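Raw my_file15.cif, mmCIF, C-alpha atoms:
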data_input
loop_
_atom_site.label_atom_id
_atom_site.label_comp_id
_atom_site.auth_asym_id
_atom_site.auth_seq_id
_atom_site.Cartn_x
_atom_site.Cartn_y
_atom_site.Cartn_z
CA MET A 950 90.88 128.97 114.24
CA GLN A 951 94.37 127.81 113.18
CA ILE A 952 95.55 124.28 113.79
CA ASN A 953 98.74 125.59 115.45
CA SER A 954 96.62 126.74 118.40
CA PHE A 955 95.70 123.12 119.14
CA GLU A 956 99.27 122.01 118.56
CA THR A 957 100.51 124.68 120.96
CA PHE A 958 97.95 123.75 123.61
CA LEU A 959 99.09 120.10 123.48
CA ALA A 960 102.76 121.10 123.53
CA ILE A 961 102.31 123.15 126.71
CA GLU A 962 100.53 120.25 128.40
CA ALA A 963 103.31 117.85 127.36
CA CYS A 964 106.21 120.16 128.30
CA GLY A 965 104.67 121.60 131.46
CA SER A 966 105.46 125.23 130.57
CA PHE A 967 105.06 127.89 127.90
CA HIS A 968 108.84 128.16 127.64
CA GLY A 969 109.22 124.42 127.05
CA ALA A 970 106.48 124.45 124.42
CA ALA A 971 108.17 127.36 122.61
CA ARG A 972 111.43 125.43 122.53
CA ALA A 973 109.71 122.24 121.32
CA LEU A 974 107.82 124.09 118.57
CA ASN A 975 110.78 126.29 117.65
CA VAL A 976 108.81 129.52 118.06
CA THR A 977 109.05 132.42 120.49
CA GLN A 978 107.37 132.30 123.89
CA THR A 979 105.45 135.42 122.83
CA ALA A 980 103.95 133.45 119.92
CA VAL A 981 102.97 130.62 122.27
CA SER A 982 101.27 133.05 124.67
CA ALA A 983 99.43 134.78 121.82
CA ARG A 984 98.10 131.50 120.42
CA ILE A 985 96.79 130.35 123.79
CA LYS A 986 95.25 133.76 124.57
CA ALA A 987 93.41 133.67 121.22
CA LEU A 988 92.21 130.14 121.94
CA GLU A 989 91.07 131.02 125.47
CA ASP A 990 89.30 134.17 124.20
CA ARG A 991 87.47 132.12 121.57
CA LEU A 992 86.41 129.44 124.09
CA GLY A 993 85.69 131.91 126.90
CA VAL A 994 87.64 129.87 129.49
CA ALA A 995 91.13 129.68 130.95
CA LEU A 996 92.86 126.50 129.78
CA PHE A 997 95.88 126.66 132.10
CA GLU A 998 96.65 127.58 135.69
CA ARG A 999 99.97 129.36 136.07
CA GLY A 1000 101.80 129.44 139.39
CA PRO A 1001 105.18 129.08 141.12
CA GLY A 1002 105.02 125.32 140.65
CA GLY A 1003 104.69 125.63 136.88
CA THR A 1004 101.87 125.49 134.36
CA ARG A 1005 99.11 122.90 134.55
CA LEU A 1006 95.75 122.32 132.92
CA SER A 1007 92.71 123.95 134.43
CA GLU A 1008 89.49 121.98 134.78
CA ALA A 1009 88.38 123.46 131.44
CA GLY A 1010 91.73 122.52 129.95
CA ARG A 1011 91.33 118.91 131.06
CA GLN A 1012 87.89 118.80 129.43
CA PHE A 1013 89.26 120.40 126.25
CA MET A 1014 92.19 117.96 126.00
CA PRO A 1015 90.46 115.09 124.11
CA TYR A 1016 88.94 117.55 121.62
CA ALA A 1017 92.37 119.03 120.86
CA GLU A 1018 93.80 115.54 120.40
CA GLN A 1019 90.93 114.63 118.06
CA MET A 1020 91.45 117.81 116.02
CA MET A 1021 95.13 117.00 115.59
CA ARG A 1022 94.34 113.43 114.54
CA THR A 1023 91.83 114.72 112.00
CA TRP A 1024 94.36 117.22 110.66
CA GLU A 1025 96.98 114.49 110.32
CA PHE A 1026 94.47 112.37 108.38
CA VAL A 1027 93.57 115.26 106.06
CA SER A 1028 97.12 116.44 105.41
CA GLY A 1029 98.32 112.85 104.94
CA ASP A 1030 95.51 112.17 102.44
CA LEU A 1031 96.43 115.21 100.37
CA LYS A 1032 100.12 114.32 100.26
CA ALA A 1033 99.34 110.74 99.29
CA SER A 1034 96.90 111.76 96.56
CA LEU A 1035 99.46 114.10 95.04
CA ALA A 1036 101.92 111.21 95.06
CA GLY A 1037 99.46 109.08 93.08
CA GLN A 1038 98.38 106.93 96.03
CA VAL A 1039 94.93 106.27 97.47
CA PRO A 1040 95.19 106.74 101.25
CA LEU A 1041 93.02 104.31 103.16
CA ARG A 1042 92.56 104.73 106.90
CA LEU A 1043 91.90 101.47 108.68
CA GLY A 1044 90.93 100.95 112.31
CA ALA A 1045 90.11 98.09 114.65
CA GLN A 1046 87.55 98.21 117.45
CA LEU A 1047 89.56 95.77 119.55
CA SER A 1048 93.28 95.27 120.00
CA VAL A 1049 92.58 91.62 119.13
CA TRP A 1050 92.58 92.61 115.47
CA ASP A 1051 95.76 94.72 115.24
CA PRO A 1052 97.68 91.70 113.88
CA VAL A 1053 94.89 91.17 111.33
CA LEU A 1054 95.47 94.65 109.92
CA VAL A 1055 99.18 93.88 109.62
CA ASP A 1056 98.40 90.58 107.88
CA VAL A 1057 96.18 92.42 105.38
CA ALA A 1058 99.00 94.83 104.55
CA VAL A 1059 101.27 91.83 103.86
CA TRP A 1060 98.53 90.19 101.75
CA LEU A 1061 98.09 93.35 99.69
CA GLU A 1062 101.81 93.58 99.02
CA ALA A 1063 101.86 89.95 97.86
CA GLU A 1064 98.84 90.58 95.60
CA GLN A 1065 99.99 93.89 94.13
CA GLY A 1066 103.75 93.62 94.23
CA THR A 1067 103.72 96.89 96.19
CA VAL A 1068 101.25 98.40 98.63
CA PRO A 1069 99.14 100.75 96.44
CA PHE A 1070 97.93 102.97 99.28
CA THR A 1071 98.82 104.15 102.73
CA LEU A 1072 97.39 102.44 105.81
CA ASN A 1073 96.76 104.13 109.14
CA TYR A 1074 95.85 101.97 112.14
CA ASP A 1075 93.81 103.50 114.93
CA HIS A 1076 91.64 101.95 117.63
CA ALA A 1077 91.59 104.78 120.15
CA MET A 1078 88.24 106.07 118.91
CA ASN A 1079 84.71 104.74 118.54
CA MET A 1080 85.03 102.82 115.28
CA GLY A 1081 81.41 103.09 114.10
CA GLU A 1082 81.36 106.84 114.72
CA ALA A 1083 84.77 107.28 113.06
CA VAL A 1084 83.63 105.50 109.88
CA ALA A 1085 80.30 107.36 109.82
CA ARG A 1086 82.14 110.69 110.19
CA ARG A 1087 84.65 109.58 107.53
CA LEU A 1088 87.64 109.81 109.86
CA LEU A 1089 88.29 106.19 108.89
CA ASP A 1090 87.56 104.45 105.59
CA LEU A 1091 87.13 100.97 107.05
CA ALA A 1092 87.08 99.47 110.52
CA ILE A 1093 86.97 95.94 111.91
CA VAL A 1094 84.25 95.70 114.55
CA ASN A 1095 82.26 93.02 116.33
CA GLU A 1096 79.10 95.10 116.83
CA VAL A 1097 77.49 97.30 114.16
CA PRO A 1098 76.00 100.62 115.35
CA ALA A 1099 72.28 100.98 114.54
CA GLY A 1100 70.86 103.63 112.25
CA THR A 1101 74.09 104.73 110.58
CA GLY A 1102 73.54 103.42 107.03
CA LEU A 1103 76.98 101.79 107.07
CA VAL A 1104 77.82 98.63 105.14
CA ALA A 1105 78.88 95.71 107.36
CA GLU A 1106 80.64 92.85 105.57
CA GLU A 1107 80.65 89.61 107.54
CA LEU A 1108 84.08 88.11 108.19
CA PRO A 1109 84.91 84.72 109.74
CA PRO A 1110 84.30 84.99 113.52
CA GLU A 1111 87.07 85.11 116.09
CA ARG A 1112 87.40 81.89 118.07
CA LEU A 1113 87.97 82.57 121.77
CA VAL A 1114 89.19 79.85 124.11
CA LEU A 1115 89.26 79.87 127.91
CA LEU A 1116 92.88 79.70 129.04
CA ALA A 1117 94.55 79.28 132.42
CA ASP A 1118 98.13 79.32 133.63
CA GLN A 1119 97.69 75.81 135.11
CA PRO A 1120 95.55 72.74 134.36
CA LEU A 1121 92.00 73.59 135.40
CA ARG A 1122 88.50 72.18 135.07
CA LEU A 1123 85.50 74.46 134.69
CA GLY A 1124 83.30 74.35 137.78
CA GLN A 1125 86.00 73.44 140.29
CA ASP A 1126 86.07 75.50 143.44
CA PRO A 1127 87.53 78.01 143.89
CA LEU A 1128 87.99 79.43 140.39
CA PRO A 1129 91.03 81.67 139.89
CA LEU A 1130 91.01 85.37 138.99
CA PHE A 1131 89.19 85.97 135.69
CA ILE A 1132 90.81 88.39 133.23
CA ASN A 1133 87.94 90.14 131.44
CA LEU A 1134 88.73 91.85 128.14
CA GLU A 1135 85.16 93.17 127.67
CA PHE A 1136 84.61 92.23 124.04
CA GLY A 1137 81.06 93.68 123.90
CA SER A 1138 77.47 92.65 124.62
CA GLU A 1139 77.56 89.47 122.50
CA TYR A 1140 80.58 88.26 124.45
CA ASP A 1141 79.08 89.34 127.79
CA ALA A 1142 75.87 87.37 127.17
CA ARG A 1143 77.82 84.23 126.30
CA LEU A 1144 80.16 84.71 129.23
CA ARG A 1145 77.28 84.83 131.71
CA GLU A 1146 76.27 81.36 130.53
CA VAL A 1147 79.78 80.00 131.05
CA LEU A 1148 80.82 81.86 134.19
CA PRO A 1149 77.96 83.25 136.30
CA ARG A 1150 79.09 86.54 137.82
CA ARG A 1151 78.66 85.27 141.37
CA SER A 1152 81.17 82.50 140.72
CA ARG A 1153 84.06 84.69 139.67
CA GLN A 1154 86.28 87.52 140.77
CA HIS A 1155 87.66 89.45 137.84
CA ILE A 1156 89.93 92.23 136.64
CA VAL A 1157 89.23 94.23 133.48
CA LEU A 1158 92.00 94.80 130.95
CA GLY A 1159 91.25 96.50 127.64
CA ASN A 1160 94.06 95.09 125.52
CA ALA A 1161 94.28 91.42 124.50
CA LEU A 1162 98.07 91.25 124.32
CA MET A 1163 98.36 92.99 127.69
CA GLY A 1164 95.81 90.56 129.12
CA LEU A 1165 97.68 87.55 127.81
CA ARG A 1166 100.94 88.83 129.30
CA TYR A 1167 99.16 89.53 132.61
CA LEU A 1168 97.82 85.96 132.62
CA GLN A 1169 101.27 84.50 132.05
CA LYS A 1170 102.93 86.73 134.68
CA ARG A 1171 100.26 86.82 137.38
CA GLY A 1172 98.17 83.70 136.75
CA GLY A 1173 94.42 83.22 136.46
CA MET A 1174 92.20 82.51 133.47
CA GLY A 1175 90.53 84.35 130.62
CA TYR A 1176 89.04 84.07 127.13
CA PHE A 1177 91.58 84.87 124.41
CA PRO A 1178 91.76 84.48 120.62
CA ALA A 1179 93.00 80.98 119.84
CA TYR A 1180 95.66 82.25 117.43
CA MET A 1181 97.23 84.49 120.09
CA ALA A 1182 97.59 81.58 122.51
CA ALA A 1183 98.83 78.94 120.05
CA GLU A 1184 102.52 79.33 120.87
CA ALA A 1185 102.02 79.31 124.66
CA LEU A 1186 99.70 76.29 124.42
CA ALA A 1187 102.24 74.39 122.34
CA ALA A 1188 104.98 75.23 124.87
CA GLY A 1189 102.78 74.13 127.81
CA THR A 1190 102.97 77.50 129.58
CA LEU A 1191 99.18 77.96 129.19
CA HIS A 1192 96.36 75.41 129.22
CA THR A 1193 92.81 75.32 127.87
CA VAL A 1194 90.29 75.04 130.70
CA GLU A 1195 88.70 71.57 130.63
CA GLY A 1196 84.96 71.62 129.98
CA ALA A 1197 84.86 75.28 128.91
CA PRO A 1198 83.03 76.00 125.62
CA GLU A 1199 84.58 78.22 123.00
CA ILE A 1200 83.05 81.63 122.29
CA ASN A 1201 82.74 82.83 118.70
CA LEU A 1202 83.08 86.61 118.50
CA SER A 1203 81.49 88.22 115.43
CA CYS A 1204 83.86 90.05 113.11
CA ARG A 1205 82.73 92.58 110.49
CA ALA A 1206 84.27 95.13 108.13
CA LEU A 1207 82.47 98.47 108.35
CA TYR A 1208 82.49 101.25 105.70
CA VAL A 1209 80.29 103.88 104.05
CA PRO A 1210 78.81 102.79 100.69
CA ASP A 1211 79.55 106.07 98.84
CA ASN A 1212 83.25 106.29 99.72
CA PRO A 1213 85.21 107.48 96.63
CA ALA A 1214 87.78 104.76 97.34
CA LEU A 1215 85.14 102.01 97.37
CA GLU A 1216 87.03 99.85 94.87
CA HIS A 1217 90.08 99.82 97.11
CA ILE A 1218 87.97 99.23 100.22
CA ARG A 1219 86.45 96.16 98.57
CA GLN A 1220 89.96 94.94 97.84
CA VAL A 1221 90.82 95.28 101.54
CA VAL A 1222 87.62 93.40 102.46
CA ARG A 1223 88.64 90.57 100.11
CA GLY A 1224 92.04 90.51 101.80
CA LEU A 1225 90.40 90.41 105.24
CA GLN A 1226 88.21 87.50 104.18
CA GLU A 1227 91.20 85.57 102.91
CA VAL A 1228 93.38 86.37 105.92
CA ARG A 1229 90.59 85.62 108.40
CA GLY A 1230 89.65 82.43 106.57
CA SER A 1231 93.20 81.10 106.68
CA GLY A 1232 93.82 82.15 110.29
#

Take the structure in this file and express it as structure tokens.
Amino acid sequence: MQINSFETFLAIEACGSFHGAARALNVTQTAVSARIKALEDRLGVALFERGPGGTRLSEAGRQFMPYAEQMMRTWEFVSGDLKASLAGQVPLRLGAQLSVWDPVLVDVAVWLEAEQGTVPFTLNYDHAMNMGEAVARRLLDLAIVNEVPAGTGLVAEELPPERLVLLADQPLRLGQDPLPLFINLEFGSEYDARLREVLPRRSRQHIVLGNALMGLRYLQKRGGMGYFPAYMAAEALAAGTLHTVEGAPEINLSCRALYVPDNPALEHIRQVVRGLQEVRGSG
């Protein structure tokens, strides 16, 4: 099955019509129709519903969508690796389980450039997938995670933990009544267990946000409180726009670098791990 079938499927969904997809892909509408028919015949389902109001995904198409996106991501990884290897580079694909660590990946790239003079390999950042599964399936070479999946045979290098502090938009003491809205970033089971000790569920109303930077912005715009990485809040704390909650303990979130031990680029992975240890240690 050709990769252009997946590309065409995604283009139709994005453009809302076969005609729009043909224009976006610079092919004929006949070619677009033929690709989708071949894909539907292979899968045995109709992927689109066509009507006077336009073209939209069928129920099968909606279920197929994440698989098509994953196939395109994998193809981009593979084709990018080949180009980079022909150019004399070692392409490393890095990911982070939590948006907390996106800046860490950027800091490592800067550290590598300072160490090497130039960056000796390409870096791809991705945290839209399950990091443990992505490393085990070799979609990523290394990922920063806080929890290591069991039974995968992956190497987990310990990094300095992330220090989380409870912040509020106004001076606040833990235990006062009523407590404001709690912004929960859901950092995993280790975090959840510690959080239950600090804030029993019955004592708090909360909203779940999956991105740390979004959560911090929400806190500053809407108000409330939440646990955030200390380094992210440093500027707001210094400016007095956010406050640490009096009497609230810090939470240390485990941080690990995950990779497969037989990766051909192991030497370069170890170099990245050393950079992570230095960057995390100085953060």

Mind checking which residues fall within 9 Å of segment 1163-1173 of chain A, counting all atoms listed in the file, ignoring those fewer than 6 positions away in the same chain, and posting them as an MDAnalysis selection string?
-> chainID A and resid 1116:1119 1128:1134 1157 1181:1182 1190:1191

Interatomic distance, atom CA of Leu1043 of chain A to atom CA of Leu1091 of chain A (Å, one decimal) |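 Pair atom CA of Leu1043 of chain A / atom CA of Leu1091 of chain A returns 5.1 Å.
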
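When only C-alpha atoms are used to compute distances to Arg984 of chain A, the closest of the residues A:Cys964, A:Leu1088, A:Ala1214, A:Ala970 turns out to be A:Ala970.
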
Find the residue from A:Ile961, A:Val1228, A:Ala980, A:Leu1202 that sits nearest to Tyr1176 of chain A; use all atoms listed in the file when measuring.
->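 Answer, going by the shortest atom-to-atom distance: A:Leu1202.
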
Spell out the residues picked by the PyMOL selection byres ((chain A and resi 1094) around 6) here, as JSON, numbers by chain.
-> {"A": [1046, 1093, 1095, 1096, 1204, 1205]}

Counting all atoms listed in the file, closest pick from A:Glu1008, A:Glu1184, A:Asp1141, A:Glu1216 relative to Leu996 of chain A is A:Glu1008

Residue contacts of segment 1109-1111 of chain A (10 Å, only C-alpha atoms) excluding same-chain residues fewer than 4 positions away, as a list in words =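 The contact residues come out as Val1049, Trp1050, Asn1095, Phe1177, Pro1178, Ala1179, Tyr1180, Ile1200, Asn1201, Leu1202, Ser1203, Cys1204, Arg1205, Leu1225, Gln1226, Glu1227, Val1228, Arg1229, Gly1230, Ser1231 and Gly1232 of chain A.
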
Apply the PyMOL selection byres ((chain A and resi 995) around 10) to the displayed file and report the matching residues as a PyMOL selection string.
-> chain A and resi 985-986+988-990+992-994+996-998+1006-1010

Just say which residues the PyMOL selection byres ((chain A and resi 1210-1213) around 10) picks in this file, as a list of chain:residue names.
->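 For this structure, the PyMOL selection byres ((chain A and resi 1210-1213) around 10) resolves to A:Val1039, A:Arg1087, A:Asp1090, A:Leu1091, A:Gly1102, A:Leu1103, A:Val1104, A:Ala1105, A:Leu1207, A:Tyr1208, A:Val1209, A:Ala1214, A:Leu1215, A:Glu1216, A:His1217, A:Ile1218.
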
Output of the above residues as a JSON list (two decimals), in the coordinates of the input, restricted to C-alpha atoms:
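Output contents, as saved in selection26.json:
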[["chain", "number", "residue", "atom", "x", "y", "z"],
["A", 1039, "VAL", "CA", 94.93, 106.27, 97.47],
["A", 1087, "ARG", "CA", 84.65, 109.58, 107.53],
["A", 1090, "ASP", "CA", 87.56, 104.45, 105.59],
["A", 1091, "LEU", "CA", 87.13, 100.97, 107.05],
["A", 1102, "GLY", "CA", 73.54, 103.42, 107.03],
["A", 1103, "LEU", "CA", 76.98, 101.79, 107.07],
["A", 1104, "VAL", "CA", 77.82, 98.63, 105.14],
["A", 1105, "ALA", "CA", 78.88, 95.71, 107.36],
["A", 1207, "LEU", "CA", 82.47, 98.47, 108.35],
["A", 1208, "TYR", "CA", 82.49, 101.25, 105.70],
["A", 1209, "VAL", "CA", 80.29, 103.88, 104.05],
["A", 1214, "ALA", "CA", 87.78, 104.76, 97.34],
["A", 1215, "LEU", "CA", 85.14, 102.01, 97.37],
["A", 1216, "GLU", "CA", 87.03, 99.85, 94.87],
["A", 1217, "HIS", "CA", 90.08, 99.82, 97.11],
["A", 1218, "ILE", "CA", 87.97, 99.23, 100.22]]

Between atom CA of Thr979 of chain A and atom CA of Thr1004 of chain A, what is the spacing in Å?
-> 15.6 Å

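Going from atom CA of Gln978 of chain A over to atom CA of Gly1003 of chain A, you cover 14.8 Å.
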
Using all atoms listed in the file, which residue out of A:Ala973, A:Val1084, A:Val1114, A:Val1057 lies closest to Val1222 of chain A?
-> A:Val1057

When distances are computed from all atoms listed in the file, which of A:Leu1123, A:Leu1108, A:Ser954, A:Ala971 shows the smallest separation from Ala987 of chain A?
-> A:Ser954

Give the answer as one residue: which of A:Phe958, A:Asn953, A:Leu1047, A:Ala963 has the shortest atom-to-atom distance to Leu1162 of chain A, using all atoms listed in the file?
->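 The closest residue to Leu1162 of chain A is A:Leu1047.
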
Atoms are missing here; could segment 977-993 of chain A be completed with N, CA, C and O atoms and written as a JSON list (two decimals), in the coordinates of the input?
[["chain", "number", "residue", "atom", "x", "y", "z"],
["A", 977, "THR", "N", 108.80, 131.60, 119.32],
["A", 977, "THR", "CA", 109.05, 132.42, 120.49],
["A", 977, "THR", "C", 107.98, 132.16, 121.56],
["A", 977, "THR", "O", 106.87, 131.72, 121.26],
["A", 978, "GLN", "N", 108.34, 132.46, 122.81],
["A", 978, "GLN", "CA", 107.37, 132.30, 123.89],
["A", 978, "GLN", "C", 106.21, 133.28, 123.72],
["A", 978, "GLN", "O", 105.07, 132.99, 124.10],
["A", 979, "THR", "N", 106.51, 134.44, 123.10],
["A", 979, "THR", "CA", 105.45, 135.42, 122.83],
["A", 979, "THR", "C", 104.41, 134.82, 121.89],
["A", 979, "THR", "O", 103.19, 135.01, 122.07],
["A", 980, "ALA", "N", 104.87, 134.09, 120.88],
["A", 980, "ALA", "CA", 103.95, 133.45, 119.92],
["A", 980, "ALA", "C", 103.09, 132.40, 120.62],
["A", 980, "ALA", "O", 101.89, 132.29, 120.36],
["A", 981, "VAL", "N", 103.70, 131.63, 121.52],
["A", 981, "VAL", "CA", 102.97, 130.62, 122.27],
["A", 981, "VAL", "C", 101.87, 131.28, 123.11],
["A", 981, "VAL", "O", 100.71, 130.84, 123.10],
["A", 982, "SER", "N", 102.24, 132.35, 123.82],
["A", 982, "SER", "CA", 101.27, 133.05, 124.67],
["A", 982, "SER", "C", 100.13, 133.62, 123.84],
["A", 982, "SER", "O", 98.96, 133.57, 124.24],
["A", 983, "ALA", "N", 100.46, 134.17, 122.67],
["A", 983, "ALA", "CA", 99.43, 134.78, 121.82],
["A", 983, "ALA", "C", 98.46, 133.72, 121.29],
["A", 983, "ALA", "O", 97.24, 133.96, 121.23],
["A", 984, "ARG", "N", 98.96, 132.57, 120.93],
["A", 984, "ARG", "CA", 98.10, 131.50, 120.42],
["A", 984, "ARG", "C", 97.13, 131.02, 121.50],
["A", 984, "ARG", "O", 95.94, 130.82, 121.25],
["A", 985, "ILE", "N", 97.64, 130.84, 122.70],
["A", 985, "ILE", "CA", 96.79, 130.35, 123.79],
["A", 985, "ILE", "C", 95.77, 131.41, 124.21],
["A", 985, "ILE", "O", 94.61, 131.10, 124.48],
["A", 986, "LYS", "N", 96.20, 132.69, 124.22],
["A", 986, "LYS", "CA", 95.25, 133.76, 124.57],
["A", 986, "LYS", "C", 94.11, 133.80, 123.55],
["A", 986, "LYS", "O", 92.93, 133.94, 123.91],
["A", 987, "ALA", "N", 94.44, 133.66, 122.26],
["A", 987, "ALA", "CA", 93.41, 133.67, 121.22],
["A", 987, "ALA", "C", 92.46, 132.49, 121.38],
["A", 987, "ALA", "O", 91.23, 132.62, 121.21],
["A", 988, "LEU", "N", 93.02, 131.33, 121.74],
["A", 988, "LEU", "CA", 92.21, 130.14, 121.94],
["A", 988, "LEU", "C", 91.30, 130.29, 123.15],
["A", 988, "LEU", "O", 90.10, 129.97, 123.11],
["A", 989, "GLU", "N", 91.85, 130.82, 124.25],
["A", 989, "GLU", "CA", 91.07, 131.02, 125.47],
["A", 989, "GLU", "C", 89.97, 132.07, 125.25],
["A", 989, "GLU", "O", 88.85, 131.92, 125.74],
["A", 990, "ASP", "N", 90.30, 133.14, 124.50],
["A", 990, "ASP", "CA", 89.30, 134.17, 124.20],
["A", 990, "ASP", "C", 88.16, 133.59, 123.39],
["A", 990, "ASP", "O", 86.98, 133.90, 123.61],
["A", 991, "ARG", "N", 88.50, 132.72, 122.43],
["A", 991, "ARG", "CA", 87.47, 132.12, 121.57],
["A", 991, "ARG", "C", 86.58, 131.17, 122.36],
["A", 991, "ARG", "O", 85.36, 131.12, 122.16],
["A", 992, "LEU", "N", 87.17, 130.42, 123.29],
["A", 992, "LEU", "CA", 86.41, 129.44, 124.09],
["A", 992, "LEU", "C", 85.73, 130.09, 125.30],
["A", 992, "LEU", "O", 84.78, 129.53, 125.84],
["A", 993, "GLY", "N", 86.27, 131.24, 125.74],
["A", 993, "GLY", "CA", 85.69, 131.91, 126.90],
["A", 993, "GLY", "C", 86.07, 131.28, 128.22],
["A", 993, "GLY", "O", 85.36, 131.47, 129.22]]
